[in-house]
Structures are given as C-alpha cells and as structure tokens.
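Q: Quick one: this structure, given as structure tokens, is what I'll be asking you about.
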Amino acid sequence: MTVGAGPRLARGEHGLQRAGDSPVRRVSLWQRLRRRALAVYAFLALAYLFTPIAYLTVFSFNDSGKSNIVWKGFTLDNWKNPCGAPDVCTALGNSLKIGVISTTVATVLGTMIAFALARHRFRGRTATNLLIFVPMATPEVVLGASLLTLFLNFRVPLGMGTIIVAHVMFCISFVVVAVKARIASLDPALEQAAMDLYATEVQTFRRVTLPLVAPGIAAAALLSLSLSFDDFIITFFNSGNVNTFPKFVYVSALRGIPAQAYVIGVAMFYLALLIVLVAEVLRHRRERALH
Amino acid sequence: MAGALLSDHPTGDLRLDRLVKRFGAFVAVDDVSLTVPKGSFFALLGPSGCGKTTTLRMIAGLEEPTAGSIHLGTLDITSAKPYRRPVNTVFQNYALFPHLDVFENVAFGLRRRRISRVREQVMAALDLVEMTHLARRRPAQLSGGQQQRIALARALVNQPRVLLLDEPLGALDLKLRRQMQLELKRIQVEVGITFVHVTHDQEEAMTMADTVAVMNQGRIEQFGPPTELYGAPRTTFVANFLGQSNLVPGRRVSGGGSHLIPVDCNGQTVLLPDDRCMTSADQVLVGVRPEKVHLLPAGMNPPTGHNRLVGGRVADASFTGVSTQYLVAMPWGQDLTVFAQNVGRGGPVPVGAAVTLGWEPEHTFGLEGETGTPAGRDARVTARMR
Ligand SMILES: Nc1ncnc2c1ncn2[C@@H]1O[C@H](COP(=O)(O)OP(=O)(O)OP(=O)(O)O)[C@@H](O)[C@H]1O
Ligand SMILES: [Mg+2]
C-alpha cells in the first residue's frame, strides 16, 4: 500500500502542473478512478463468472412443478427431496459409480505409466510419451464416435462397462501428465538418501517416493473424477440406455429440467467450495501454529 | 532388515583399491587407491569436477564402480546395496525429507533398522548438534545452517563405521562455516567415527583433517598429513592448489654436498635436498613457498649456506595487515611471490627497488617439470577456476 502511493502521487503532481486550473479536484478524481479501476474490473469479472451459479442457486428453490424456467414461488421441497423427480437419482448414482471406478482405474494405471516413463528407458518410450497426448488432443466427438464404432464392431454391449472403458481412456492421459510432472520435480537425492539410511527399494518407494508424489496423484484423481462426472459427449455415444447425470440433464432439457437437478448441481458446487475452504483454513492454522 | 546389515563384522580401515568410474568414454575417477585409517578425519580435496562426489558415491553404494574394489576392514563392499553398508552420507544439498519433520528425518535410519529406543537416540543426536528445540519443524522452515546440522544428526545417529560428508559446509557463510568446521571436528573426536570429508576449500581441508588427499582430473595426486602436503608437494598441481608456490625451472648440475643437489636456474645455482626432489630427470622445477623467502636489498647477502637469487625488482607490493605480499620480477621474466611478516623491522620495500631473494635449502622442493614453460601454469589456472 505505502509502496504504491509514491509513484501514484508523483504522477498526479505531474498532471497538476500541466492542467493548471482547479488542480486539486481533478487529481483526486483521477486518483479515485485509478484506485477503483481494478476493483470494478474484478467485480465485473466475478459477476460474469458467478451469475449462472447464482441463478442456479435461486432456481433450486423454485416451486416449479414440471419445468423450471419461470419463477413461481419459494419452496424447500426440492431440497428436502432431491430424488423427487423421476430418474434423477438413478442418473446421479450411475455418474458417481462410473466416476469412482474409472478414477480409481485411471489413477492406478496412469501413475504406473508415469513412473515407467519417468524412471525407465525402454523401447517405445518416446512414442508412448507422444501417444499419451493423443486422447487429450483429439476432439471428443471423434473419440466418442470411433469408440462406438469399435464397440459395435466387436459386438460389445453398450452400458456401464463401455462407459467406464471410455472414461478410463481419456482420464488416464491427464493422470500420466500430472503425475509425471510431479515425479520429474522430485530430487533424486532424496531417494538416494533414503537408501543410504537403510531403506530397501520397497521401503524407499513407500516412505519417500510415494508420499512426495502423493499430492500429484491426488490432484490427478480429483481431475479424473471431475472429468468423468462432467463428460457428456463421449458418454452419450457409448452409454446405450444407461443414464448418467449429464445425459439426464441434456435429455430432460427438451421437456424442462426438474428443479431437483438444480438442487444436485448447486449442492455439488457448494460442497466443492466447502472442501476448498476447509483445506485452506487447515493449512493456514498449521502454518500459524509453527510460528 | 537389521540382520542383513554388514556391520557386525570386525571393522577397520576403509580401503579403495584401483577404483575406476567411467561415464561413457569419460573417466570421472581414474585408478584411485586410498587407505583411510579407522577413526581418522580424512579430507578429499580437489577442484570442481575432479571426481570427488563420484568417489564418495561409490563408497556409499550409490554409484557402481567400473573397476576396482572397496573394502571396509576385511569386508568387500564393492557391490553391496547402499542400505546394507554401515556407511552414511551427508549430501551436498542435505537432501532432507521435506514431508517429514526434523525428528522423523533423524529417526528415519533407526526406524528402517527397527532399532529400539528411537526417541532417546534421536534426542541425543539432536542434542549433539544443538537442535532439540526445533524437533517438530519441517526442513523448509530451517535455515541453511540448521538444515546442515540436521543432515549431520540424521547420519550420525546411525553410528556408521564411516561418515561421508560431501561439501556439507558449501552453502554456509564464512562465519558459520568456521563455526561448523570446529563443531564437526569436535563431533568427530567425540564419536570416533571415520570421517571422509569432501571439499574444494584447501584451508578447510588442512585445518580439519588428519590426512588430506588431493585429487585432480579423477586421480589422486598426493595424500598425507596437511603439513607434509604443504611442505613437500610432489606435483605442481599440489604445490599450487595447496597455498601458493614459486616454481623456478632449472637444470641439475654436478657437485654439491652430501644430500644437497645443486640446480642451475638461469645462471644462478640453488641447492635442493635430495629427499625433497621428486624427479630424477635433469630438468627440475625448483619450488619454495612465498612465506619462506626473505627479501634483501640488492648487494646484501643472505647467511652462508642459504639459497640466493639476485637481480629481482619489486613489481608490486600489497599490504594485507599481518603481512605484505610482494611480486618480484626476475631477470628471466618470471614473477616470484614473497610474503613478508610485518614485524616492524624497517618499512615496506618500495616498488621498483632492486632486491635479492634468500631462503634456506631445507625449504626447497624439486618437482618434475619442463624447463622453459611457465611452471605450473595449467595447474594454477585450474585451481583458480574452482
Ligand atoms: N552421471 C554422470 N554422467 C556423466 N558424467 C558425470 C556423471 N556424474 C558426474 N559426471 C562427470 O564426472 C566428473 C566428476 O564429477 P563429480 O560430481 O564427482 O565432481 P566433484 O569433484 O564432486 O565436483 P564439485 O566440486 O563441483 O562437486 C564431472 O566432470 C562430471 O561432469
Ligand atoms: Mg561434488
């Protein structure tokens, strides 16, 4: 604050000499504008970002009946009974199940691939490094369509299984990239120090490598979960008649989305926000305690 | 795991035998043979990139030797896994575990070997380095000097047979460095473990170590007690890396006393003890340390029996407090260095004055070297570049 005041004042004085008449007023107006500019800009940007969420929040309390488009009055019914609309909770359950399973599989496989790529030299390593990026770079529509062709050709019945296979496929790339970056930033001297301190290869991995890479793995898992939960396009191609939450919302958009879907969306958003806040507060406390 | 450790054997000296390490075509460590006596403080000294860390890593088991062997007493540890060697390392950058606090860092080795009374031993080790009050801090919350002590405690707590220290004081400022040098030396005497201390600071090596090995380009140039290395260097590299040396090219001539070799240096004859002459060739580099040389006004002679070089002219004099450093230009185009103690006898010799240099033959050493080339130039350049 004090640092910023210096140059600002200096520039103001400069303008004062040039302007000549009623300098005091003009300077303070200019100053006030400059000072507010960032705040105004930040407010507008945040408003832009959060308007849909605010809208979502408000309309989750709408006493809507079938279609949740026009405000018809406040009610807590939607929140009391989020599974009230037909199929909404089945879809949600499916999405969560798919999310958890494909995240687990993708995280385990992706972490193993990341270690292999980061630590070992083998034939085809460079090729693997490149190929890992392909699912990220390919348009989702193309991925979804080609996967569908593949499943149809091999006569794999579409359903939960095919969705999970598809999700693991695109999540794995993100996991590999995130975990590999974390491994690359690891100081090799740490593992050597562990071996020097009587830790066998397995103990070194468990006590030093894994804990140090863990934040990367956790971040990758969270990313996978949200990618999987969010995915509509690829899922739409390969789901057969299994409903997921995004698919449910999309399909019911034609007839009018039930307010219960809003409730679930809003609840997820605030849950995520809460987790972030709690983590932040805990981190702050821990740092405080040390000083 | 504890049973698998190779430490239950009778211990003894650490012996490196014809150790070689190649990285591709590059030879990082070239035929190194060394014996580090049990319980001694051994310093490995050399310029950057000469292979010190590589040597240490082979002793620790973090690098596999291309050839040669490493013994600890009668035990061959050449290809033993690092976690099976009774050897611990203080790494060049400490390598403390960032996810563990100070206590757990120090306890790491004990826990891996399932040793009992962890708490007591960790606290004793922390006490030794005066860090008990910070036991619950994370490494990131410590200063460089504190991290260094934790790294030391983490290694020492295991009571290894050999402790390897890779430039552990490199990151510290001069004052803390001196303090830690004394502390390290005290701890070494207290615990009686063999210390192998890597450094490129010759002063540090000489003040701390019982034995110093000077390494250059993967080879050991010379090793022995600091006084011996300083007084009788065997190569131009050692002569210039350990302090400064005046090296005057000369040629052996006949005559001389019982144990003194006369050498002709550009027309002037100086004497050199034969047991301090490292070459049997005719061409000899005559060496003398700058503080051993006396500066006399031209025309005056040093006491009889002393070596003498006439025809010098003071080219530069820099006053450093305790001593004055003179650069004396000799008739054959070489600048020799003289350190004169400021003991208050007369004023400093003015620049431009004609002088004679004198010193005792016992302080002279003879090295192998080509006549005519500026002696030890290459070595001096390397030494500066560190
Ligand atoms: N893994 C490696 N691959 C190839 N060359 C290496 C490797 N490790 C070390 N070297 C080379 O071996 C030589 C010796 O390295 P080393 O780390 O032992 O030097 P050092 O004496 O410890 O130097 P410093 O004082 O700078 O730490 C250097 O020239 C270095 O480039
Ligand atoms: Mg080194």
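Note on naming: chains are A, B, ... as they come in the structure tokens, residues start from 1 per chain, ligands start from 1 in the order shown.
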How close does chain A get to chain B? List, as a Markdown table, each residue of chain A within 6 Å, its nearest atom pair and the distance in Å to one decimal, counting only C-alpha atoms.
A:
| residue | atom | partner | partner_atom | distance |
| --- | --- | --- | --- | --- |
| A:Ala189 | CA | B:Ala95 | CA | 5.8 |
| A:Leu190 | CA | B:Ala95 | CA | 5.3 |
| A:Met195 | CA | B:Tyr83 | CA | 5.1 |
| A:Asp196 | CA | B:Pro82 | CA | 5.3 |
| A:Leu197 | CA | B:Gly109 | CA | 4.6 |
| A:Tyr198 | CA | B:Tyr83 | CA | 3.9 |
| A:Ala199 | CA | B:Arg112 | CA | 5.8 |
Q: Check every protein, DNA and RNA residue against ligand 2, keep those with an atom at most 10 Å away (counting only C-alpha atoms and all ligand atoms), and present them as a count of residues only.
A: 20
Q: Can you list, as a list in words, every protein, DNA or RNA residue that comes within 10 Å of segment 173-190 of chain B when you count only C-alpha atoms, leaving out same-chain residues fewer than 5 positions away?
A: Gly39, Ser40, Phe41, Leu128, Val129, Gly144, Gly145, Gln148, Arg149, Leu152, Leu156, Leu163, Pro168, Phe195, Glu204, Ala205, Thr207, Met208 and Ala209 of chain B
Q: Could you name the residues that touch Val100 of chain A at 9 Å or less, counting only C-alpha atoms, but leaving out those on the same chain fewer than 5 positions away, as a ChimeraX atom specification?
A: /A:95,105,225,228
Q: When you draw a straight line from atom CA of Glu104 of chain B to atom 17 (O, counted along the ligand's line) of ligand 1, how long is it in Å?
A: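 Atom-to-atom, atom CA of Glu104 of chain B to atom 17 (O, counted along the ligand's line) of ligand 1, that is 28.7 Å.
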Q: Residues of segment 30-269 of chain A in helix (DSSP H, G or I) according to DSSP, as a PyMOL selection string?
A: chain A and resi 30-59+77-80+88-119+125-131+134-137+140-153+160-184+188-196+201-230+233-238+245-253+259-269
Q: Tell me, as a ChimeraX atom specification, which residues lie within 7 Å of Ala106 of chain A, counting only C-alpha atoms; anything in the same chain fewer than 6 positions away does not count.
A: /A:168,171-172
Q: Go ahead and save the residues from that selection, with C-alpha atoms, as a compact mmCIF listing (two decimals), in the first residue's frame.
A:
# COMPACT_ATOMS: atom_id res chain seq x y z
CA VAL A 168 -10.59 -44.57 -18.17
CA CYS A 171 -8.70 -39.80 -17.80
CA ILE A 172 -5.50 -41.82 -18.00
Q: Give me, as a short mmCIF file (atom, residue, chain, number, x, y, z; two decimals) with all heavy atoms, in the first residue's frame, all polymer residues having an atom no more than 8 Å from segment 135-145 of chain A, counting only C-alpha atoms and skipping those fewer than 4 positions away in the same chain.
A:
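That gives us selection-v5.cif:
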data_model
loop_
_atom_site.label_atom_id
_atom_site.label_comp_id
_atom_site.auth_asym_id
_atom_site.auth_seq_id
_atom_site.Cartn_x
_atom_site.Cartn_y
_atom_site.Cartn_z
N LEU A 131 2.08 -40.53 -27.58
CA LEU A 131 0.75 -41.11 -27.72
C LEU A 131 -0.16 -40.74 -26.55
O LEU A 131 -1.38 -40.63 -26.71
CB LEU A 131 0.85 -42.64 -27.84
CG LEU A 131 1.37 -43.12 -29.19
CD1 LEU A 131 1.55 -44.63 -29.18
CD2 LEU A 131 0.41 -42.72 -30.30
N THR A 149 -17.85 -47.11 -32.78
CA THR A 149 -17.63 -48.00 -33.92
C THR A 149 -16.91 -49.26 -33.47
O THR A 149 -17.27 -50.39 -33.83
CB THR A 149 -16.75 -47.30 -34.98
OG1 THR A 149 -17.15 -45.94 -35.06
CG2 THR A 149 -16.88 -47.97 -36.32
N ALA A 166 -14.42 -46.10 -21.70
CA ALA A 166 -14.21 -44.82 -22.37
C ALA A 166 -13.64 -43.78 -21.41
O ALA A 166 -12.69 -43.07 -21.74
CB ALA A 166 -15.53 -44.32 -22.95
N MET A 169 -10.06 -44.32 -20.51
CA MET A 169 -9.20 -43.96 -21.63
C MET A 169 -8.84 -42.48 -21.63
O MET A 169 -7.67 -42.14 -21.75
CB MET A 169 -9.88 -44.33 -22.94
CG MET A 169 -9.04 -44.01 -24.15
SD MET A 169 -10.04 -43.88 -25.61
CE MET A 169 -11.03 -42.46 -25.23
N PHE A 170 -9.83 -41.61 -21.45
CA PHE A 170 -9.41 -40.20 -21.53
C PHE A 170 -8.86 -39.65 -20.22
O PHE A 170 -8.08 -38.72 -20.21
CB PHE A 170 -10.50 -39.29 -22.13
CG PHE A 170 -11.75 -39.14 -21.32
CD1 PHE A 170 -11.77 -38.36 -20.17
CD2 PHE A 170 -12.92 -39.75 -21.72
CE1 PHE A 170 -12.92 -38.21 -19.43
CE2 PHE A 170 -14.09 -39.59 -20.99
CZ PHE A 170 -14.09 -38.83 -19.84
N SER A 173 -4.73 -40.16 -19.62
CA SER A 173 -3.78 -39.20 -20.16
C SER A 173 -3.50 -38.08 -19.17
O SER A 173 -2.35 -37.71 -18.94
CB SER A 173 -4.33 -38.56 -21.43
OG SER A 173 -4.54 -39.54 -22.39
N PHE A 174 -4.58 -37.57 -18.58
CA PHE A 174 -4.40 -36.47 -17.63
C PHE A 174 -3.63 -36.93 -16.40
O PHE A 174 -2.77 -36.21 -15.89
CB PHE A 174 -5.77 -35.90 -17.22
CG PHE A 174 -6.45 -35.17 -18.34
CD1 PHE A 174 -7.32 -35.82 -19.19
CD2 PHE A 174 -6.18 -33.82 -18.56
CE1 PHE A 174 -7.92 -35.14 -20.24
CE2 PHE A 174 -6.78 -33.14 -19.60
CZ PHE A 174 -7.65 -33.79 -20.45
N ILE A 233 -20.22 -35.85 -24.00
CA ILE A 233 -20.14 -36.23 -25.42
C ILE A 233 -19.76 -37.70 -25.59
O ILE A 233 -20.48 -38.49 -26.21
CB ILE A 233 -19.15 -35.31 -26.16
CG1 ILE A 233 -19.61 -33.85 -26.03
CG2 ILE A 233 -19.04 -35.72 -27.62
CD1 ILE A 233 -18.65 -32.85 -26.59
N ILE A 234 -18.61 -38.09 -25.02
CA ILE A 234 -18.15 -39.46 -25.21
C ILE A 234 -19.14 -40.44 -24.58
O ILE A 234 -19.45 -41.49 -25.14
CB ILE A 234 -16.73 -39.63 -24.61
CG1 ILE A 234 -15.75 -38.74 -25.39
CG2 ILE A 234 -16.29 -41.08 -24.66
CD1 ILE A 234 -14.35 -38.75 -24.86
N THR A 235 -19.65 -40.05 -23.41
CA THR A 235 -20.61 -40.91 -22.72
C THR A 235 -21.87 -41.11 -23.57
O THR A 235 -22.39 -42.22 -23.67
CB THR A 235 -21.02 -40.27 -21.38
OG1 THR A 235 -19.84 -39.87 -20.69
CG2 THR A 235 -21.80 -41.25 -20.52
N PHE A 236 -22.31 -40.03 -24.18
CA PHE A 236 -23.54 -40.08 -24.97
C PHE A 236 -23.46 -41.13 -26.08
O PHE A 236 -24.40 -41.87 -26.34
CB PHE A 236 -23.82 -38.70 -25.56
CG PHE A 236 -25.21 -38.54 -26.09
CD1 PHE A 236 -26.29 -38.55 -25.21
CD2 PHE A 236 -25.45 -38.41 -27.44
CE1 PHE A 236 -27.57 -38.42 -25.68
CE2 PHE A 236 -26.74 -38.27 -27.92
CZ PHE A 236 -27.81 -38.28 -27.04
N PHE A 237 -22.27 -41.23 -26.70
CA PHE A 237 -22.07 -42.22 -27.77
C PHE A 237 -22.07 -43.65 -27.25
O PHE A 237 -22.54 -44.56 -27.91
CB PHE A 237 -20.73 -41.96 -28.46
CG PHE A 237 -20.78 -40.89 -29.51
CD1 PHE A 237 -20.31 -39.61 -29.24
CD2 PHE A 237 -21.29 -41.17 -30.77
CE1 PHE A 237 -20.35 -38.62 -30.21
CE2 PHE A 237 -21.33 -40.18 -31.74
CZ PHE A 237 -20.86 -38.91 -31.47
N ASN A 238 -21.50 -43.85 -26.06
CA ASN A 238 -21.17 -45.21 -25.65
C ASN A 238 -21.98 -45.74 -24.47
O ASN A 238 -21.61 -46.74 -23.87
CB ASN A 238 -19.68 -45.28 -25.29
CG ASN A 238 -18.81 -44.96 -26.49
OD1 ASN A 238 -18.75 -45.73 -27.43
ND2 ASN A 238 -18.17 -43.80 -26.46
#
Q: When you look at Cys277 of chain B with a cut-off of 8 Å (counting only C-alpha atoms), what residues show up, excluding the ones that are within fewer than 6 positions of it in the same chain? I need them as an mmCIF file with all heavy atoms, in the first residue's frame.
A:
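What ended up in part05.cif:
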data_model
loop_
_atom_site.group_PDB
_atom_site.id
_atom_site.type_symbol
_atom_site.label_atom_id
_atom_site.label_comp_id
_atom_site.auth_asym_id
_atom_site.auth_seq_id
_atom_site.Cartn_x
_atom_site.Cartn_y
_atom_site.Cartn_z
ATOM 1 N N PHE B 365 61.799 -27.470 -2.564
ATOM 2 C CA PHE B 365 61.398 -28.777 -3.081
ATOM 3 C C PHE B 365 61.573 -28.808 -4.589
ATOM 4 O O PHE B 365 61.558 -27.770 -5.254
ATOM 5 C CB PHE B 365 59.973 -29.149 -2.672
ATOM 6 C CG PHE B 365 58.935 -28.086 -2.926
ATOM 7 C CD1 PHE B 365 58.317 -27.994 -4.161
ATOM 8 C CD2 PHE B 365 58.571 -27.188 -1.922
ATOM 9 C CE1 PHE B 365 57.345 -27.011 -4.403
ATOM 10 C CE2 PHE B 365 57.615 -26.206 -2.169
ATOM 11 C CZ PHE B 365 56.999 -26.116 -3.397
ATOM 12 N N GLY B 366 61.793 -30.005 -5.097
ATOM 13 C CA GLY B 366 62.029 -30.133 -6.536
ATOM 14 C C GLY B 366 60.955 -30.978 -7.180
ATOM 15 O O GLY B 366 60.606 -32.049 -6.703
ATOM 16 N N LEU B 367 60.384 -30.460 -8.250
ATOM 17 C CA LEU B 367 59.303 -31.166 -8.933
ATOM 18 C C LEU B 367 59.689 -31.476 -10.363
ATOM 19 O O LEU B 367 60.557 -30.822 -10.941
ATOM 20 C CB LEU B 367 58.030 -30.312 -8.934
ATOM 21 C CG LEU B 367 57.518 -29.829 -7.589
ATOM 22 C CD1 LEU B 367 56.322 -28.920 -7.804
ATOM 23 C CD2 LEU B 367 57.146 -31.007 -6.715
#
Q: Separation of atom CA of Pro348 of chain B and atom CA of Leu295 of chain B, in Å?
A: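 For atom CA of Pro348 of chain B relative to atom CA of Leu295 of chain B, the distance reads 10.3 Å.
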